[in-house]
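Here is the structure we will look at.
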Amino acid sequence: MDFSAVRRVRDGLAELIGAINSGGASTAEARRVLSESKAFAAQVAVLQADAAALAAAGERHGDGGAGVLAQAAGLSRHDAASQVKTVQQLESMPGVRDALTGGDIPLANVKSLARASAQTTATQVEHDDTLLSKAASLSPERFARETTRWVAQRQHDDGEAEYRRQRARRRLSFWKGDDGMVHLRGELDPVTGTKIHKRFLQEAERLRRHDINRPHGEQRSWSQRLADSLDTLTADGSRKDSRGGGSAADITIVQHLSAEGDKAFAEVAGGAAIPQAVLEQHFCNAKIVGIVFSGEGLPLWRGTALARPSRAQMDALIARYGGCGGCEEHSVACQAHHIRPRSQGGPTDIDNLMPLCWRCHDNVHLHGWQAVADGDRHTIAPPERIRYGPARAPDPPPIHSPPRHRRRRTPASAKSEPQPLLLC
């Protein structure tokens, strides 16, 4: 292999760096270098992943090259694994790979395309000209949201499996650093993460208004206010929302409908898509507003907001049920549940509501439990499913067959009587 090409690339890049810093480059020239460097970065990423995969296969590393790429290129193990995985997925999308190496699609958007192909199929991604056009023109942040919507409209299970995987990955960890500082790190599903994020933003804004009266040198930075929000939100339970619950965490969930009114998909505003079951669960206590947009995205009509269950209704439900209608959990942990879903025209009336704690509410919307009559109230029951025991092979025939006994002759009168059938 002739390594003179490697030297030419390094010399060329060094020449460009020197030209930019020489003081003689114009703004237009700087912008052109930036535009061309998009292709440089993509080509280097593909080259690194291909070389790492070749080395890993020859040396039998067993990790596709992530380890050798991290070591040789000075990348973190996480970044190296992500780069190798993305390039591997491009093997089934040669058109996308060519667009990447040619500088038509940036690496960040190609990673979004690779994730989309993993959740649908590579063929669907490769042959969707509209999606590829957006990959070439949109910023990574906007295109990530576009691919999320694109995938949501093509998943056969409405994204239920992906949402369950995200929920299963939720975690939170604390550890103490060498300098005595306590570190916090975690991952949350899109809905929970959006709620907590909004709580922090609201509390940080309250602290900002409080800081206005402080001397300039004593005012907290934005990150410091977020850190203090964690302390105040976990320590102060006195601030309640308008309905008597904990600190307000209203978020916007958007359900996109087709022109015919058919359900398409739902998403947290500006965030990830969510399955229909999660949408139904939040419908129970949400304020619902209908908006009609034109094909160009201009709002044409806004409907009247459908009210969420009021504090008076919750008080009446608690007085009637005492607590959760499913497990009798304390009323503090309860939400109002629509027995007939709001998406099916169920009204927000006392007769169509019951209090459920968050566990029972999850059981109804995520695990198929049903509201059933229980006298003059309702409770919930698990879905009726046919359950089979574990598979069992038939017993082998005995080595020594038992002695045969002569069958006694059955009287003719007994032959006509039905014999019982025993199923063991």
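Please note that chains go A, B, ... in the order of the structure tokens, that every chain numbers its residues from 1, and that ligands are numbered from 1 in the order shown.
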
Which residues, written as a list in words, have at least one atom at most 9 Å from Arg377 in chain A, with only C-alpha atoms counted and residues fewer than 6 positions away on the same chain left out?
Arg320, Tyr321, Gly325, Asp351 and Met354 of chain A

DSSP alpha helix (DSSP H) selection over range 29-133 of chain A, as a PyMOL selection string:
chain A and resi 29-59+66-73+77-89+94-101+107-119+122-126+129-133

Grab the residues selected above and save them as a compact mmCIF listing (two decimals), in the first residue's frame with C-alpha atoms.
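Written output follows (part_12.txt):
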```txt
# COMPACT_ATOMS: atom_id res chain seq x y z
CA GLU A 29 -12.65 31.80 1.03
CA ALA A 30 -13.12 30.86 4.69
CA ARG A 31 -16.73 29.87 4.00
CA ARG A 32 -15.66 27.77 1.01
CA VAL A 33 -13.11 25.94 3.15
CA LEU A 34 -15.84 25.26 5.73
CA SER A 35 -18.16 23.89 3.04
CA GLU A 36 -15.49 21.61 1.59
CA SER A 37 -14.37 20.44 5.04
CA LYS A 38 -17.76 18.76 5.50
CA ALA A 39 -16.65 16.22 2.90
CA PHE A 40 -13.18 15.93 4.50
CA ALA A 41 -14.68 15.02 7.88
CA ALA A 42 -17.02 12.45 6.36
CA GLN A 43 -14.29 10.83 4.29
CA VAL A 44 -11.98 10.60 7.29
CA ALA A 45 -14.76 8.98 9.37
CA VAL A 46 -15.43 6.35 6.69
CA LEU A 47 -11.71 5.75 6.17
CA GLN A 48 -11.14 5.28 9.90
CA ALA A 49 -14.06 2.88 10.30
CA ASP A 50 -13.09 0.84 7.24
CA ALA A 51 -9.45 0.59 8.34
CA ALA A 52 -10.46 -0.33 11.90
CA ALA A 53 -12.84 -3.01 10.62
CA LEU A 54 -10.08 -4.48 8.43
CA ALA A 55 -7.63 -4.56 11.34
CA ALA A 56 -10.22 -6.04 13.73
CA ALA A 57 -11.17 -8.77 11.26
CA GLY A 58 -7.54 -9.74 10.60
CA GLU A 59 -6.63 -9.72 14.28
CA ALA A 66 -14.31 -0.03 17.82
CA GLY A 67 -11.44 -0.84 20.17
CA VAL A 68 -8.62 -0.35 17.67
CA LEU A 69 -10.25 2.84 16.34
CA ALA A 70 -10.53 4.31 19.83
CA GLN A 71 -6.89 3.45 20.54
CA ALA A 72 -5.37 4.51 17.23
CA ALA A 73 -7.46 7.61 16.48
CA ARG A 77 -14.80 4.16 23.16
CA HIS A 78 -18.38 5.41 22.84
CA ASP A 79 -17.61 7.66 19.85
CA ALA A 80 -15.55 4.97 18.15
CA ALA A 81 -18.30 2.37 18.55
CA SER A 82 -20.89 4.81 17.19
CA GLN A 83 -18.71 5.62 14.17
CA VAL A 84 -18.07 1.95 13.37
CA LYS A 85 -21.73 1.05 13.74
CA THR A 86 -22.84 3.87 11.45
CA VAL A 87 -20.40 2.93 8.69
CA GLN A 88 -21.37 -0.75 8.99
CA GLN A 89 -25.03 0.17 8.52
CA PRO A 94 -24.53 2.41 -0.82
CA GLY A 95 -26.27 5.54 -2.12
CA VAL A 96 -26.19 7.14 1.30
CA ARG A 97 -22.53 6.16 1.73
CA ASP A 98 -21.67 7.80 -1.60
CA ALA A 99 -23.56 10.95 -0.57
CA LEU A 100 -21.61 11.00 2.69
CA THR A 101 -18.17 10.60 1.17
CA LEU A 107 -21.99 12.78 9.06
CA ALA A 108 -24.44 13.77 11.81
CA ASN A 109 -27.40 13.40 9.43
CA VAL A 110 -26.07 10.09 8.13
CA LYS A 111 -26.10 8.82 11.71
CA SER A 112 -29.79 9.76 11.91
CA LEU A 113 -30.41 7.89 8.64
CA ALA A 114 -28.60 4.85 10.03
CA ARG A 115 -30.78 4.89 13.16
CA ALA A 116 -33.87 5.20 10.97
CA SER A 117 -32.82 2.19 8.87
CA ALA A 118 -32.32 0.13 12.02
CA GLN A 119 -35.90 0.88 13.09
CA ALA A 122 -32.44 0.19 4.70
CA THR A 123 -34.46 -0.07 1.48
CA GLN A 124 -37.09 2.36 2.74
CA VAL A 125 -34.42 4.90 3.66
CA GLU A 126 -32.39 4.45 0.49
CA ASP A 129 -35.84 10.89 -2.10
CA THR A 130 -37.67 13.40 0.12
CA LEU A 131 -35.94 12.13 3.25
CA LEU A 132 -32.52 12.16 1.56
CA SER A 133 -33.14 15.68 0.28
```

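CA of Ala336 in chain A sits 14.8 Å away from CA of Leu279 in chain A.
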
When you look at range 305-311 of chain A with a cut-off of 6 Å (counting only C-alpha atoms), what residues show up, excluding the ones that are within fewer than 4 positions of it in the same chain? I need them as a PyMOL selection string.
chain A and resi 243+285-289

For the selection you just gave me, I'd like the residues written to a file as a PDB file, in the first residue's frame, keeping N, CA and C atoms.
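So the final result, stored in out.pdb, reads:
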```pdb
ATOM      1  N   ARG A 243     -54.004  22.556  40.451  1.00  0.00           N
ATOM      2  CA  ARG A 243     -54.948  21.495  40.777  1.00  0.00           C
ATOM      3  C   ARG A 243     -54.571  20.769  42.062  1.00  0.00           C
ATOM      4  N   ASN A 285     -55.611  13.532  31.525  1.00  0.00           N
ATOM      5  CA  ASN A 285     -55.495  14.727  32.360  1.00  0.00           C
ATOM      6  C   ASN A 285     -54.958  15.916  31.583  1.00  0.00           C
ATOM      7  N   ALA A 286     -55.162  15.905  30.258  1.00  0.00           N
ATOM      8  CA  ALA A 286     -54.612  16.960  29.424  1.00  0.00           C
ATOM      9  C   ALA A 286     -55.684  17.940  28.965  1.00  0.00           C
ATOM     10  N   LYS A 287     -55.237  19.149  28.674  1.00  0.00           N
ATOM     11  CA  LYS A 287     -56.077  20.113  27.983  1.00  0.00           C
ATOM     12  C   LYS A 287     -55.855  19.897  26.492  1.00  0.00           C
ATOM     13  N   ILE A 288     -56.929  19.607  25.751  1.00  0.00           N
ATOM     14  CA  ILE A 288     -56.811  19.238  24.348  1.00  0.00           C
ATOM     15  C   ILE A 288     -57.279  20.400  23.479  1.00  0.00           C
ATOM     16  N   VAL A 289     -56.441  20.784  22.523  1.00  0.00           N
ATOM     17  CA  VAL A 289     -56.756  21.874  21.604  1.00  0.00           C
ATOM     18  C   VAL A 289     -56.561  21.366  20.179  1.00  0.00           C
TER      19      VAL A 289
END
```

Go ahead and compute the interatomic distance for CA of Cys334 in chain A and CA of Gln202 in chain A, in Å to one decimal.
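Pair CA of Cys334 in chain A / CA of Gln202 in chain A returns 23.5 Å.
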
Enumerate, as a list in words, the complete set of residues in range 166-279 of chain A that a backbone-based DSSP assignment places in strand (DSSP E or B).
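Residues meeting the strand (DSSP E or B) criterion: Arg171, Leu172, Ser173, Phe174, Trp175, Lys176, Val182, His183, Leu184, Arg185, Gly186, Glu187, Ile253, Val254, Gln255, His256, Leu257, Lys263, Ala264, Phe265, Ala266, Glu267, Val268, Ala273 and Ile274 of chain A.
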
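Coordinates place CA of Arg169 in chain A at a distance of 7.1 Å from CA of Glu187 in chain A.
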
Would you pick out the contacts of Trp150 in chain A at 10 Å or less, using only C-alpha atoms, so that residues sharing its chain but fewer than 2 positions from it are not included, and give the list as a PyMOL selection string?
chain A and resi 116+120+125+131+144-148+152-155+265+273

Produce a file of the selected residues containing C-alpha atoms, as a short mmCIF file (atom, residue, chain, number, x, y, z; two decimals), in the first residue's frame.
```
data_model
loop_
_atom_site.label_atom_id
_atom_site.label_comp_id
_atom_site.auth_asym_id
_atom_site.auth_seq_id
_atom_site.Cartn_x
_atom_site.Cartn_y
_atom_site.Cartn_z
CA ALA A 116 -33.87 5.20 10.97
CA THR A 120 -37.43 0.36 9.63
CA VAL A 125 -34.42 4.90 3.66
CA LEU A 131 -35.94 12.13 3.25
CA ALA A 144 -33.02 14.31 13.85
CA ARG A 145 -36.61 15.39 14.57
CA GLU A 146 -37.61 14.75 10.95
CA THR A 147 -36.25 11.20 11.01
CA THR A 148 -38.03 10.54 14.30
CA ALA A 152 -42.97 6.91 13.68
CA GLN A 153 -45.17 6.85 10.59
CA ARG A 154 -43.65 3.58 9.36
CA GLN A 155 -43.32 1.42 12.46
CA PHE A 265 -48.33 9.69 15.04
CA ALA A 273 -42.26 10.36 18.90
#
```

Taking only C-alpha atoms into account, name the residue in A:Val364, A:Ala259, A:Ala381, A:Val332 that is nearest to Asp315 in chain A.
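Distance minimum relative to Asp315 in chain A lands on A:Val332.
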
Exercise: Gln276 in chain A partners within 9 Å, only C-alpha atoms, chain neighbours under 3 positions left out, as a list of chain:residue names:
A:Asp158, A:Gly159, A:Glu160, A:Phe265, A:Ala266, A:Leu279, A:Glu280, A:Gln281
